[in-house]
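S.K.: I'm passing along work.pdb; it holds PDB, C-alpha atoms.
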```
ATOM      1  CA  MET A   1      -6.291  -6.921  10.000
ATOM      2  CA  GLU A   2      -5.272  -7.787  13.536
ATOM      3  CA  LEU A   3      -3.631  -5.299  15.858
ATOM      4  CA  ARG A   4      -3.026  -5.576  19.573
ATOM      5  CA  ASN A   5      -4.344  -2.553  21.425
ATOM      6  CA  PRO A   6      -5.283  -0.738  18.184
ATOM      7  CA  THR A   7      -5.930   2.572  19.940
ATOM      8  CA  PRO A   8      -3.124   2.908  22.515
ATOM      9  CA  SER A   9      -2.799   5.718  25.003
ATOM     10  CA  GLY A  10      -2.355   9.064  23.291
ATOM     11  CA  VAL A  11      -4.390   8.132  20.206
ATOM     12  CA  ALA A  12      -7.753   9.883  20.242
ATOM     13  CA  ASP A  13      -9.051   8.660  16.874
ATOM     14  CA  PHE A  14      -8.147   6.053  14.265
ATOM     15  CA  PHE A  15      -9.837   6.301  10.861
ATOM     16  CA  PRO A  16      -9.434   2.996   8.957
ATOM     17  CA  MET A  17     -10.591   4.745   5.763
ATOM     18  CA  LEU A  18     -10.489   8.500   6.171
ATOM     19  CA  ASP A  19     -11.685   9.016   2.572
ATOM     20  CA  ASP A  20     -15.202   8.104   3.741
ATOM     21  CA  ASN A  21     -15.392  11.145   5.999
ATOM     22  CA  ILE A  22     -12.751  13.738   5.280
ATOM     23  CA  PHE A  23     -14.637  16.403   7.252
ATOM     24  CA  GLU A  24     -14.667  14.335  10.463
ATOM     25  CA  PHE A  25     -11.003  13.423  10.052
ATOM     26  CA  SER A  26     -10.067  17.080   9.555
ATOM     27  CA  ARG A  27     -12.120  18.130  12.573
ATOM     28  CA  ALA A  28     -10.566  15.420  14.747
ATOM     29  CA  ALA A  29      -7.049  16.316  13.606
ATOM     30  CA  VAL A  30      -7.479  19.947  14.620
ATOM     31  CA  LEU A  31      -9.146  19.262  17.986
ATOM     32  CA  ASN A  32      -6.862  16.380  18.948
ATOM     33  CA  GLY A  33      -3.809  18.352  17.937
ATOM     34  CA  LEU A  34      -4.770  21.026  20.461
ATOM     35  CA  LYS A  35      -5.102  18.338  23.153
ATOM     36  CA  GLY A  36      -1.787  16.713  22.348
ATOM     37  CA  LYS A  37      -3.405  13.473  21.152
ATOM     38  CA  ARG A  38      -2.729  11.624  17.930
ATOM     39  CA  THR A  39      -5.137  11.284  15.012
ATOM     40  CA  VAL A  40      -4.265   8.483  12.598
ATOM     41  CA  GLY A  41      -6.038   7.748   9.315
ATOM     42  CA  LEU A  42      -5.548   5.448   6.349
ATOM     43  CA  PHE A  43      -5.717   7.386   3.071
ATOM     44  CA  PHE A  44      -6.903   5.165   0.195
ATOM     45  CA  ARG A  45      -7.136   7.666  -2.677
ATOM     46  CA  PRO A  46      -4.213  10.094  -2.487
ATOM     47  CA  GLY A  47      -3.929  10.061  -6.283
ATOM     48  CA  GLU A  48      -7.009  12.261  -6.532
ATOM     49  CA  CYS A  49      -4.990  15.084  -4.980
ATOM     50  CA  PHE A  50      -3.006  15.389  -8.200
ATOM     51  CA  LEU A  51      -5.902  15.497 -10.658
ATOM     52  CA  THR A  52      -6.689  18.916 -12.073
ATOM     53  CA  SER A  53      -9.933  18.245 -13.956
ATOM     54  CA  LYS A  54     -12.138  19.442 -11.077
ATOM     55  CA  MET A  55     -11.867  22.068  -8.372
ATOM     56  CA  LYS A  56     -12.577  19.452  -5.661
ATOM     57  CA  TYR A  57      -9.304  17.669  -6.491
ATOM     58  CA  ARG A  58      -7.283  20.871  -6.173
ATOM     59  CA  PHE A  59      -9.028  21.599  -2.877
ATOM     60  CA  LYS A  60      -8.286  18.069  -1.671
ATOM     61  CA  ARG A  61      -4.574  18.512  -2.378
ATOM     62  CA  ALA A  62      -4.471  21.845  -0.548
ATOM     63  CA  LEU A  63      -6.384  20.406   2.419
ATOM     64  CA  PHE A  64      -4.153  17.366   2.895
ATOM     65  CA  SER A  65      -1.010  19.412   2.381
ATOM     66  CA  LEU A  66      -2.203  21.447   5.365
ATOM     67  CA  LEU A  67      -3.473  18.535   7.482
ATOM     68  CA  LYS A  68      -0.175  16.644   7.333
ATOM     69  CA  ARG A  69       1.500  19.627   8.987
ATOM     70  CA  LEU A  70      -0.818  19.608  12.005
ATOM     71  CA  PRO A  71       0.781  18.370  15.235
ATOM     72  CA  HIS A  72       0.069  14.750  16.215
ATOM     73  CA  THR A  73      -1.643  14.024  12.869
ATOM     74  CA  HIS A  74      -0.621  10.940  10.887
ATOM     75  CA  ILE A  75      -1.980  10.431   7.360
ATOM     76  CA  ILE A  76      -0.987   6.967   6.160
ATOM     77  CA  THR A  77      -1.479   6.170   2.483
ATOM     78  CA  ILE A  78      -1.834   2.697   0.998
ATOM     79  CA  LEU A  79       0.402   3.709  -1.909
ATOM     80  CA  PRO A  80       4.189   3.609  -1.419
ATOM     81  CA  PHE A  81       5.904   6.967  -1.712
ATOM     82  CA  GLN A  82       8.205   5.439  -4.351
ATOM     83  CA  LEU A  83       5.337   5.370  -6.848
ATOM     84  CA  ASP A  84       5.115   9.151  -7.025
ATOM     85  CA  GLY A  85       7.143  11.628  -4.990
ATOM     86  CA  ARG A  86       4.119  13.936  -4.772
ATOM     87  CA  ILE A  87       2.304  11.516  -2.459
ATOM     88  CA  GLN A  88       4.633  12.532   0.366
ATOM     89  CA  SER A  89       3.291  16.089   0.089
ATOM     90  CA  VAL A  90      -0.153  14.948   1.291
ATOM     91  CA  ALA A  91       0.773  12.139   3.715
ATOM     92  CA  THR A  92       3.112  11.431   6.609
ATOM     93  CA  GLY A  93       3.738   7.733   5.923
ATOM     94  CA  TRP A  94       2.554   4.644   4.068
ATOM     95  CA  ILE A  95       1.833   0.960   4.229
ATOM     96  CA  HIS A  96       0.907  -1.405   1.424
ATOM     97  CA  ASP A  97      -2.744  -1.816   0.560
ATOM     98  CA  PRO A  98      -3.885  -4.635   2.915
ATOM     99  CA  GLN A  99      -5.385  -6.388  -0.102
ATOM    100  CA  PHE A 100      -1.821  -7.212  -1.161
ATOM    101  CA  TRP A 101      -1.384  -9.517   1.865
ATOM    102  CA  ASP A 102      -4.824 -10.389   3.234
ATOM    103  CA  LEU A 103      -5.634 -13.832   1.763
ATOM    104  CA  GLY A 104      -4.485 -15.596   4.909
ATOM    105  CA  TYR A 105      -7.493 -14.090   6.716
ATOM    106  CA  PHE A 106      -9.994 -15.739   4.359
ATOM    107  CA  ASP A 107     -11.329 -19.265   4.487
ATOM    108  CA  ALA A 108     -11.606 -19.656   0.717
ATOM    109  CA  LYS A 109     -13.324 -23.029   0.593
ATOM    110  CA  THR A 110     -14.295 -24.553  -2.726
ATOM    111  CA  THR A 111     -18.087 -24.749  -2.882
ATOM    112  CA  GLU A 112     -20.451 -26.451  -5.308
ATOM    113  CA  GLN A 113     -21.216 -23.063  -6.879
ATOM    114  CA  SER A 114     -17.567 -22.066  -7.296
ATOM    115  CA  SER A 115     -16.750 -25.491  -8.733
ATOM    116  CA  ALA A 116     -19.561 -25.030 -11.258
ATOM    117  CA  ILE A 117     -18.101 -21.693 -12.365
ATOM    118  CA  GLU A 118     -14.659 -23.265 -12.758
ATOM    119  CA  ARG A 119     -16.040 -26.094 -14.899
ATOM    120  CA  GLN A 120     -18.035 -23.682 -17.046
ATOM    121  CA  VAL A 121     -15.061 -21.404 -17.704
ATOM    122  CA  LYS A 122     -12.710 -24.284 -18.490
ATOM    123  CA  ASP A 123     -15.258 -25.908 -20.813
ATOM    124  CA  VAL A 124     -15.698 -22.691 -22.785
ATOM    125  CA  ALA A 125     -11.987 -21.845 -22.835
ATOM    126  CA  GLN A 126     -10.790 -25.219 -24.159
ATOM    127  CA  GLN A 127      -7.081 -24.588 -24.893
ATOM    128  CA  ARG A 128      -7.295 -20.791 -24.843
ATOM    129  CA  ARG A 129      -5.786 -18.637 -22.121
ATOM    130  CA  ILE A 130      -8.259 -17.127 -19.662
ATOM    131  CA  LEU A 131      -8.392 -13.394 -18.892
ATOM    132  CA  VAL A 132     -10.673 -12.420 -16.009
ATOM    133  CA  ALA A 133     -12.098  -9.017 -15.056
ATOM    134  CA  LEU A 134     -13.343  -9.166 -11.471
ATOM    135  CA  GLY A 135     -15.535  -6.969  -9.304
ATOM    136  CA  SER A 136     -17.875  -4.205 -10.440
ATOM    137  CA  GLN A 137     -17.764  -3.708 -14.200
ATOM    138  CA  THR A 138     -17.803   0.048 -14.778
ATOM    139  CA  ARG A 139     -16.227   2.753 -16.903
ATOM    140  CA  ILE A 140     -13.491   3.510 -14.396
ATOM    141  CA  LYS A 141     -12.631  -0.205 -14.200
ATOM    142  CA  GLY A 142     -12.011  -0.195 -17.966
ATOM    143  CA  PHE A 143     -14.929  -2.487 -18.776
ATOM    144  CA  ASP A 144     -15.645  -0.736 -22.071
ATOM    145  CA  LEU A 145     -12.069  -1.360 -23.258
ATOM    146  CA  PHE A 146     -12.243  -4.956 -22.057
ATOM    147  CA  CYS A 147     -15.445  -5.545 -24.048
ATOM    148  CA  THR A 148     -14.328  -3.642 -27.145
ATOM    149  CA  MET A 149     -11.109  -5.605 -27.365
ATOM    150  CA  TRP A 150     -13.047  -8.874 -27.245
ATOM    151  CA  CYS A 151     -15.695  -7.771 -29.725
ATOM    152  CA  GLU A 152     -13.412  -6.140 -32.311
ATOM    153  CA  GLN A 153     -10.341  -8.372 -32.271
ATOM    154  CA  SER A 154     -10.969 -11.835 -33.717
ATOM    155  CA  THR A 155      -7.333 -12.824 -33.164
ATOM    156  CA  VAL A 156      -7.813 -12.178 -29.439
ATOM    157  CA  ARG A 157     -10.904 -14.392 -29.387
ATOM    158  CA  GLU A 158      -8.902 -17.186 -31.028
ATOM    159  CA  LYS A 159      -6.223 -17.200 -28.315
ATOM    160  CA  PHE A 160      -8.128 -16.047 -25.220
ATOM    161  CA  LEU A 161     -11.378 -16.379 -23.351
ATOM    162  CA  PHE A 162     -12.509 -13.141 -21.699
ATOM    163  CA  VAL A 163     -14.472 -13.621 -18.464
ATOM    164  CA  ALA A 164     -16.114 -10.768 -16.524
ATOM    165  CA  ALA A 165     -17.512 -11.504 -13.059
ATOM    166  CA  GLY A 166     -19.325  -8.829 -11.089
ATOM    167  CA  LYS A 167     -22.264  -6.474 -11.412
ATOM    168  CA  VAL A 168     -22.247  -4.690 -14.777
ATOM    169  CA  ASP A 169     -23.027  -0.979 -14.882
ATOM    170  CA  PRO A 170     -26.416  -0.597 -16.652
ATOM    171  CA  GLN A 171     -24.857   1.615 -19.324
ATOM    172  CA  PHE A 172     -22.713  -1.341 -20.440
ATOM    173  CA  GLU A 173     -25.315  -4.114 -20.340
ATOM    174  CA  LYS A 174     -25.779  -4.089 -24.134
ATOM    175  CA  LEU A 175     -22.024  -4.225 -24.619
ATOM    176  CA  ALA A 176     -21.796  -7.101 -22.137
ATOM    177  CA  ALA A 177     -24.526  -8.937 -24.079
ATOM    178  CA  LYS A 178     -22.454  -8.535 -27.253
ATOM    179  CA  VAL A 179     -19.494 -10.101 -25.443
ATOM    180  CA  THR A 180     -21.561 -13.181 -24.608
ATOM    181  CA  ASP A 181     -23.001 -13.292 -28.146
ATOM    182  CA  LEU A 182     -19.428 -13.598 -29.415
ATOM    183  CA  GLY A 183     -18.578 -16.408 -27.005
ATOM    184  CA  GLY A 184     -17.267 -14.520 -23.987
ATOM    185  CA  VAL A 185     -18.477 -15.155 -20.431
ATOM    186  CA  VAL A 186     -20.149 -12.528 -18.235
ATOM    187  CA  PHE A 187     -21.461 -13.259 -14.732
ATOM    188  CA  ASN A 188     -23.555 -10.122 -14.242
ATOM    189  CA  ARG A 189     -24.176 -10.449 -10.509
ATOM    190  CA  GLN A 190     -22.563 -10.189  -7.099
ATOM    191  CA  ILE A 191     -19.754 -12.754  -6.843
ATOM    192  CA  SER A 192     -19.021 -14.564  -3.578
ATOM    193  CA  ASP A 193     -15.510 -14.733  -2.133
ATOM    194  CA  GLU A 194     -15.349 -18.439  -2.972
ATOM    195  CA  GLU A 195     -16.296 -17.765  -6.598
ATOM    196  CA  LEU A 196     -13.896 -14.835  -6.784
ATOM    197  CA  PHE A 197     -10.948 -16.861  -5.548
ATOM    198  CA  CYS A 198     -11.910 -19.735  -7.863
ATOM    199  CA  LEU A 199     -11.735 -17.380 -10.846
ATOM    200  CA  TYR A 200      -8.327 -16.128  -9.747
ATOM    201  CA  ARG A 201      -7.073 -19.701  -9.613
ATOM    202  CA  VAL A 202      -8.463 -20.673 -13.024
ATOM    203  CA  SER A 203      -7.202 -17.505 -14.741
ATOM    204  CA  ASP A 204      -4.042 -16.966 -16.733
ATOM    205  CA  MET A 205      -4.224 -13.158 -16.502
ATOM    206  CA  VAL A 206      -6.185 -10.625 -14.447
ATOM    207  CA  TRP A 207      -7.591  -7.321 -15.749
ATOM    208  CA  SER A 208      -6.543  -4.181 -13.870
ATOM    209  CA  CYS A 209      -6.414  -1.778 -16.819
ATOM    210  CA  TYR A 210      -8.443   1.085 -15.419
ATOM    211  CA  ALA A 211      -9.446   4.517 -16.731
ATOM    212  CA  PRO A 212      -6.957   7.408 -16.366
ATOM    213  CA  ASP A 213      -9.111   9.070 -13.686
ATOM    214  CA  TYR A 214      -8.929   5.908 -11.561
ATOM    215  CA  ASN A 215      -5.280   6.128 -10.584
ATOM    216  CA  GLN A 216      -5.118   4.445  -7.188
ATOM    217  CA  SER A 217      -4.445   1.122  -5.528
ATOM    218  CA  SER A 218      -6.410  -1.951  -6.584
ATOM    219  CA  GLY A 219      -7.496  -4.920  -4.512
ATOM    220  CA  ILE A 220      -7.949  -6.848  -7.760
ATOM    221  CA  LEU A 221      -4.262  -6.426  -8.578
ATOM    222  CA  GLY A 222      -3.383  -7.090  -4.944
ATOM    223  CA  ARG A 223      -5.086 -10.465  -4.963
ATOM    224  CA  ALA A 224      -3.602 -11.258  -8.401
ATOM    225  CA  PHE A 225      -0.194 -10.623  -6.839
ATOM    226  CA  GLN A 226      -0.978 -12.998  -3.975
ATOM    227  CA  PHE A 227      -2.189 -15.698  -6.367
ATOM    228  CA  GLY A 228       0.836 -15.180  -8.637
ATOM    229  CA  LYS A 229      -1.366 -14.263 -11.611
ATOM    230  CA  PRO A 230      -0.011 -11.754 -14.167
ATOM    231  CA  SER A 231      -1.932  -8.501 -14.481
ATOM    232  CA  LEU A 232      -2.913  -6.170 -17.291
ATOM    233  CA  ILE A 233      -2.609  -2.535 -16.228
ATOM    234  CA  ARG A 234      -2.913   0.885 -17.839
ATOM    235  CA  GLU A 235       0.278   2.346 -19.236
ATOM    236  CA  GLY A 236       1.528   5.135 -16.957
ATOM    237  CA  SER A 237      -0.645   4.177 -13.979
ATOM    238  CA  PHE A 238       0.330   3.859 -10.330
ATOM    239  CA  LEU A 239      -0.439   0.150 -10.680
ATOM    240  CA  GLY A 240       2.341  -0.287 -13.231
ATOM    241  CA  SER A 241       4.856   1.252 -10.866
ATOM    242  CA  TYR A 242       3.410  -0.736  -7.962
ATOM    243  CA  ALA A 243       3.744  -4.031  -9.841
ATOM    244  CA  ALA A 244       7.373  -3.206 -10.717
ATOM    245  CA  LEU A 245       8.102  -2.399  -7.055
ATOM    246  CA  LEU A 246       6.732  -5.799  -6.010
ATOM    247  CA  GLY A 247       8.324  -7.744  -8.868
ATOM    248  CA  HIS A 248       4.853  -8.731 -10.073
ATOM    249  CA  ALA A 249       4.357  -9.517 -13.779
ATOM    250  CA  ALA A 250       2.205  -6.763 -15.305
ATOM    251  CA  LEU A 251       1.686  -5.724 -18.914
ATOM    252  CA  PRO A 252       1.059  -2.000 -19.566
ATOM    253  CA  LEU A 253      -1.643  -1.315 -22.152
ATOM    254  CA  PRO A 254      -2.388   1.955 -23.996
ATOM    255  CA  PHE A 255      -5.868   2.734 -22.741
ATOM    256  CA  GLY A 256      -7.222   4.286 -25.934
ATOM    257  CA  ASP A 257      -5.638   2.010 -28.556
ATOM    258  CA  VAL A 258      -7.513  -1.286 -28.859
ATOM    259  CA  GLY A 259      -5.358  -2.597 -31.706
ATOM    260  CA  LEU A 260      -2.025  -1.990 -29.995
ATOM    261  CA  ALA A 261      -3.349  -3.276 -26.663
ATOM    262  CA  SER A 262      -4.493  -6.461 -28.380
ATOM    263  CA  ARG A 263      -1.141  -7.034 -30.043
ATOM    264  CA  ARG A 264       0.669  -6.621 -26.750
ATOM    265  CA  ILE A 265      -1.560  -9.181 -25.041
ATOM    266  CA  LEU A 266      -1.110 -11.694 -27.849
ATOM    267  CA  ASP A 267       2.689 -11.365 -27.697
ATOM    268  CA  TRP A 268       2.958 -11.608 -23.891
ATOM    269  CA  ASN A 269       3.885 -14.894 -22.197
ATOM    270  CA  PRO A 270       4.964 -14.120 -18.616
ATOM    271  CA  LYS A 271       6.590 -16.773 -16.479
ATOM    272  CA  ALA A 272       4.564 -17.885 -13.470
ATOM    273  CA  PRO A 273       6.317 -17.356 -10.095
ATOM    274  CA  SER A 274       6.664 -20.209  -7.632
ATOM    275  CA  GLU A 275       4.096 -20.467  -4.844
ATOM    276  CA  TYR A 276       6.928 -20.448  -2.315
ATOM    277  CA  SER A 277       8.425 -17.175  -3.543
ATOM    278  CA  ILE A 278       5.020 -15.490  -3.544
ATOM    279  CA  SER A 279       4.092 -16.731  -0.063
ATOM    280  CA  ARG A 280       7.416 -15.542   1.375
ATOM    281  CA  LYS A 281       7.048 -12.128  -0.235
ATOM    282  CA  VAL A 282       3.440 -11.716   0.930
ATOM    283  CA  GLU A 283       4.282 -12.790   4.487
ATOM    284  CA  ASN A 284       7.174 -10.335   4.696
ATOM    285  CA  ILE A 285       4.965  -7.485   3.480
ATOM    286  CA  ARG A 286       2.192  -8.393   5.924
ATOM    287  CA  GLU A 287       4.509  -8.534   8.938
ATOM    288  CA  GLN A 288       6.214  -5.267   8.039
ATOM    289  CA  ASP A 289       2.960  -3.415   7.402
ATOM    290  CA  LEU A 290       1.279  -4.548  10.625
ATOM    291  CA  ALA A 291       4.383  -3.600  12.589
ATOM    292  CA  ASN A 292       4.540  -0.199  10.943
ATOM    293  CA  LEU A 293       0.839   0.507  11.380
ATOM    294  CA  ALA A 294       1.111  -0.353  15.069
ATOM    295  CA  ALA A 295       4.114   1.973  15.272
ATOM    296  CA  PHE A 296       2.175   4.814  13.653
ATOM    297  CA  LEU A 297      -0.541   4.339  16.246
ATOM    298  CA  ARG A 298       2.010   4.347  19.068
ATOM    299  CA  GLY A 299       3.839   7.291  17.591
ATOM    300  CA  ASP A 300       7.268   5.705  18.109
ATOM    301  CA  SER A 301      10.331   6.048  15.878
ATOM    302  CA  ARG A 302       9.588   2.834  13.963
ATOM    303  CA  SER A 303       6.862   4.694  12.112
ATOM    304  CA  GLU A 304       9.570   6.551  10.221
ATOM    305  CA  THR A 305      10.794   3.405   8.404
ATOM    306  CA  HIS A 306       8.641   3.937   5.315
ATOM    307  CA  LYS A 307       9.467   7.588   4.785
TER
END
```
Please rewrite the model in this file as structure tokens.
M.R.:
Amino acid sequence: MELRNPTPSGVADFFPMLDDNIFEFSRAAVLNGLKGKRTVGLFFRPGECFLTSKMKYRFKRALFSLLKRLPHTHIITILPFQLDGRIQSVATGWIHDPQFWDLGYFDAKTTEQSSAIERQVKDVAQQRRILVALGSQTRIKGFDLFCTMWCEQSTVREKFLFVAAGKVDPQFEKLAAKVTDLGGVVFNRQISDEELFCLYRVSDMVWSCYAPDYNQSSGILGRAFQFGKPSLIREGSFLGSYAALLGHAALPLPFGDVGLASRRILDWNPKAPSEYSISRKVENIREQDLANLAAFLRGDSRSETHK
């Protein structure tokens, strides 16, 4: 992300990911507010404020409801307010998740290793469609559902190849081994950017169907949007609403119903968008978000455009 003069006069502190240190952000907001200086932070996980399963989530909602009222404090979420009206109760503004417009900052060269992965996946897939699950493979990323669908649904295996690429949580290593035993592909290791982008390109669909307690933005879906690759998301999630807002093809799946989820995938044939339409949309989002983030830092009236 490139910003000219990222901490202009009047801004005491900018937190690019305030979730990493909520205490320091809160402390800075109080002290800077007394000095008449701005504190600006990007809030990546506002959805946790609306969970009720643990006391820490209720405390988080109360804290951010208070912090947003402090003078000169700007809490900027990476989830549009349109996704859930409650988000506005814990934030002062929003931009899109930068991972929905960041590919232009990468030099995604094709390497010998990424080419080898592409050949391997295509050779195994034959004429089947390719569904990829990218990044860390954990419970909250829905890896157990991904594996169970592959292992239990023979009709899915006939029409699709499931590919998982990223470090597998140790508790799911046996399940991942079963996936490979039944002909699926699992790269249980850290994946390079070149390999990651190669798998996006070779895919027909991208997995973003995450557990109910993981209701936040997703860089995996963001990159799928930029590559024009349809996504699988959890029914009722923020990601479903986000995809609709962007006009991105996304299929909602019932998280606990493997049979119904499988039938929906088998019946779904989304139309691929043109590269031109995607590039125009991504560029417009990038320009608007950088302009609005700069405005939040300056504290001028432009920062009100996303409210």
S.K.: List as a list in words the protein and nucleic acid residues near Ser136 of chain A, meaning an atom at most 10 Å away when only C-alpha atoms are counted, but skip any in the same chain fewer than 4 places from it.
M.R.: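 Residues meeting the cut-off are Ile140, Lys141, Phe143, Ala164, Ala165, Gly166, Lys167, Val168, Asp169, Asn188, Arg189, Gln190 and Ile191 of chain A.
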S.K.: Counting all atoms listed in the file, which of A:Gly36, A:Leu63, A:Tyr200, A:Phe50 gets nearest to Ile22 of chain A?
M.R.: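 Of A:Gly36, A:Leu63, A:Tyr200, A:Phe50, the one nearest Ile22 of chain A is A:Leu63, counting all atoms listed in the file.
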S.K.: May I ask which of the residues A:Gly228, A:Gly135, A:Pro252, A:Gly142 is the closest one to Glu275 of chain A, counting only C-alpha atoms?
M.R.: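 Checking each of A:Gly228, A:Gly135, A:Pro252, A:Gly142 against Glu275 of chain A, counting only C-alpha atoms, the winner is A:Gly228.
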S.K.: Starting from the displayed file, determine the output of the PyMOL selection byres ((chain A and resi 97) around 9) and express the residue list as a PyMOL selection string.
M.R.: chain A and resi 44+77-79+95-96+98-101+217-219+222
S.K.: I need every residue sitting at most 10 Å from the point (1.4, -1.1, -12.5) (coordinates as in the file, all atoms listed in the file considered), written as JSON, numbers by chain.
M.R.: {"A": [83, 208, 209, 217, 218, 221, 231, 232, 233, 234, 235, 236, 237, 238, 239, 240, 241, 242, 243, 244, 245, 246, 248, 249, 250, 251, 252]}
S.K.: If I take atom CA of Ser65 of chain A and atom CA of Ala91 of chain A, how far is one from the other in Å, to one decimal?
M.R.: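 Interatomic distance, atom CA of Ser65 of chain A to atom CA of Ala91 of chain A: 7.6 Å.
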S.K.: Using the chain letters and numbering of this document, enumerate as a list in words the residues selected by the PyMOL selection byres ((chain A and resi 279) around 12).
M.R.: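 Output of the PyMOL selection byres ((chain A and resi 279) around 12): Phe100, Trp101, Asp102, Leu103, Gly104, Phe225, Gln226, Phe227, Gly228, Pro273, Ser274, Glu275, Tyr276, Ser277, Ile278, Arg280, Lys281, Val282, Glu283, Asn284, Ile285 and Arg286 of chain A.
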S.K.: Which residues match the PyMOL selection byres ((chain A and resi 184) around 7) in the file above, as a list in words?
M.R.: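 With the PyMOL selection byres ((chain A and resi 184) around 7) on this model, the match is Leu161, Phe162, Val163, Val179, Thr180, Leu182, Gly183, Val185 and Val186 of chain A.
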S.K.: Give the padded box for segment 95-109 of chain A as AutoDock Vina command-line options: axis-aligned, covering all atoms listed in the file, 3 Å on each side, centre and edge lengths in Å to one decimal.
M.R.:
```
--center_x -5.7 --center_y -11.0 --center_z 2.8 --size_x 21.2 --size_y 30.0 --size_z 13.9
```
S.K.: Interatomic distance between atom CA of Ala272 of chain A and atom CA of Asp144 of chain A?
M.R.: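 Separating atom CA of Ala272 of chain A from atom CA of Asp144 of chain A is a distance of 27.9 Å.
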S.K.: As an exercise, work out the distance from atom CA of Leu51 of chain A to atom CA of Asp213 of chain A in Å and give it to one decimal place.
M.R.: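 Pair atom CA of Leu51 of chain A / atom CA of Asp213 of chain A returns 7.8 Å.
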S.K.: Need to verify the contact set: segment 67-72 of chain A, 9 Å, only C-alpha atoms, exclusion of same-chain residues closer than 4 positions in sequence. Can you return it as a PyMOL selection string?
M.R.: chain A and resi 11+26+29-30+32-34+36-40+62-63+89-92+299
S.K.: Residues proximal to (-5.9, -5.6, -30.0) were defined as those with any atom within 9 Å of that point in the file's coordinates, counting all atoms listed in the file. Which are they, as a ChimeraX atom specification?
M.R.: /A:149-150,152-156,257-266
S.K.: Selection from above, C-alpha atoms, as a compact mmCIF listing (two decimals), keeping the file's coordinate frame, can you write it?
M.R.:
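Result saved to out_16.txt:
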```txt
# COMPACT_ATOMS: atom_id res chain seq x y z
CA MET A 149 -11.11 -5.60 -27.36
CA TRP A 150 -13.05 -8.87 -27.24
CA GLU A 152 -13.41 -6.14 -32.31
CA GLN A 153 -10.34 -8.37 -32.27
CA SER A 154 -10.97 -11.84 -33.72
CA THR A 155 -7.33 -12.82 -33.16
CA VAL A 156 -7.81 -12.18 -29.44
CA ASP A 257 -5.64 2.01 -28.56
CA VAL A 258 -7.51 -1.29 -28.86
CA GLY A 259 -5.36 -2.60 -31.71
CA LEU A 260 -2.02 -1.99 -30.00
CA ALA A 261 -3.35 -3.28 -26.66
CA SER A 262 -4.49 -6.46 -28.38
CA ARG A 263 -1.14 -7.03 -30.04
CA ARG A 264 0.67 -6.62 -26.75
CA ILE A 265 -1.56 -9.18 -25.04
CA LEU A 266 -1.11 -11.69 -27.85
```
S.K.: From the list A:Ile117, A:Cys151, A:Val132, A:Ile76, which residue is nearest Lys229 of chain A when using only C-alpha atoms?
M.R.: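 Checking each of A:Ile117, A:Cys151, A:Val132, A:Ile76 against Lys229 of chain A, counting only C-alpha atoms, the winner is A:Val132.
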S.K.: At a cut-off of 10 Å, using only C-alpha atoms, what residues contact Glu158 of chain A? Leave out same-chain residues fewer than 6 positions from it and give the result as a PDB file with C-alpha atoms, keeping the file's coordinate frame.
M.R.:
```pdb
ATOM      1  CA  ALA A 125     -11.987 -21.845 -22.835  1.00  0.00           C
ATOM      2  CA  GLN A 127      -7.081 -24.588 -24.893  1.00  0.00           C
ATOM      3  CA  ARG A 128      -7.295 -20.791 -24.843  1.00  0.00           C
ATOM      4  CA  ARG A 129      -5.786 -18.637 -22.121  1.00  0.00           C
TER       5      ARG A 129
END
```
S.K.: If you count only C-alpha atoms, which residues fall within 7 Å of Gly47 of chain A, apart from same-chain ones fewer than 2 positions away, as an mmCIF file with C-alpha atoms, in the frame of the given file?
M.R.:
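Output file result00.cif is given in full below:
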```cif
data_model
loop_
_atom_site.group_PDB
_atom_site.id
_atom_site.type_symbol
_atom_site.label_atom_id
_atom_site.label_comp_id
_atom_site.auth_asym_id
_atom_site.auth_seq_id
_atom_site.Cartn_x
_atom_site.Cartn_y
_atom_site.Cartn_z
ATOM 1 C CA ARG A 45 -7.136 7.666 -2.677
ATOM 2 C CA CYS A 49 -4.990 15.084 -4.980
ATOM 3 C CA PHE A 50 -3.006 15.389 -8.200
ATOM 4 C CA ASN A 215 -5.280 6.128 -10.584
ATOM 5 C CA GLN A 216 -5.118 4.445 -7.188
#
```
S.K.: Using only C-alpha atoms for the distances, tell me which of A:Ala211, A:Ala28, A:Ile75, A:Met205 is nearest to Asn269 of chain A.
M.R.: A:Met205
S.K.: How about completing segment 177-182 of chain A with N, CA and C atoms and giving it to me as a short mmCIF file (atom, residue, chain, number, x, y, z; two decimals), in the frame of the given file?
M.R.:
```cif
data_model
loop_
_atom_site.label_atom_id
_atom_site.label_comp_id
_atom_site.auth_asym_id
_atom_site.auth_seq_id
_atom_site.Cartn_x
_atom_site.Cartn_y
_atom_site.Cartn_z
N ALA A 177 -23.76 -7.94 -23.32
CA ALA A 177 -24.53 -8.94 -24.08
C ALA A 177 -23.82 -9.27 -25.39
N LYS A 178 -23.20 -8.28 -26.01
CA LYS A 178 -22.45 -8.54 -27.25
C LYS A 178 -21.26 -9.44 -26.99
N VAL A 179 -20.62 -9.24 -25.82
CA VAL A 179 -19.49 -10.10 -25.44
C VAL A 179 -19.94 -11.56 -25.38
N THR A 180 -21.06 -11.80 -24.72
CA THR A 180 -21.56 -13.18 -24.61
C THR A 180 -22.02 -13.72 -25.96
N ASP A 181 -22.59 -12.86 -26.81
CA ASP A 181 -23.00 -13.29 -28.15
C ASP A 181 -21.81 -13.79 -28.96
N LEU A 182 -20.64 -13.21 -28.68
CA LEU A 182 -19.43 -13.60 -29.42
C LEU A 182 -18.62 -14.65 -28.65
#
```
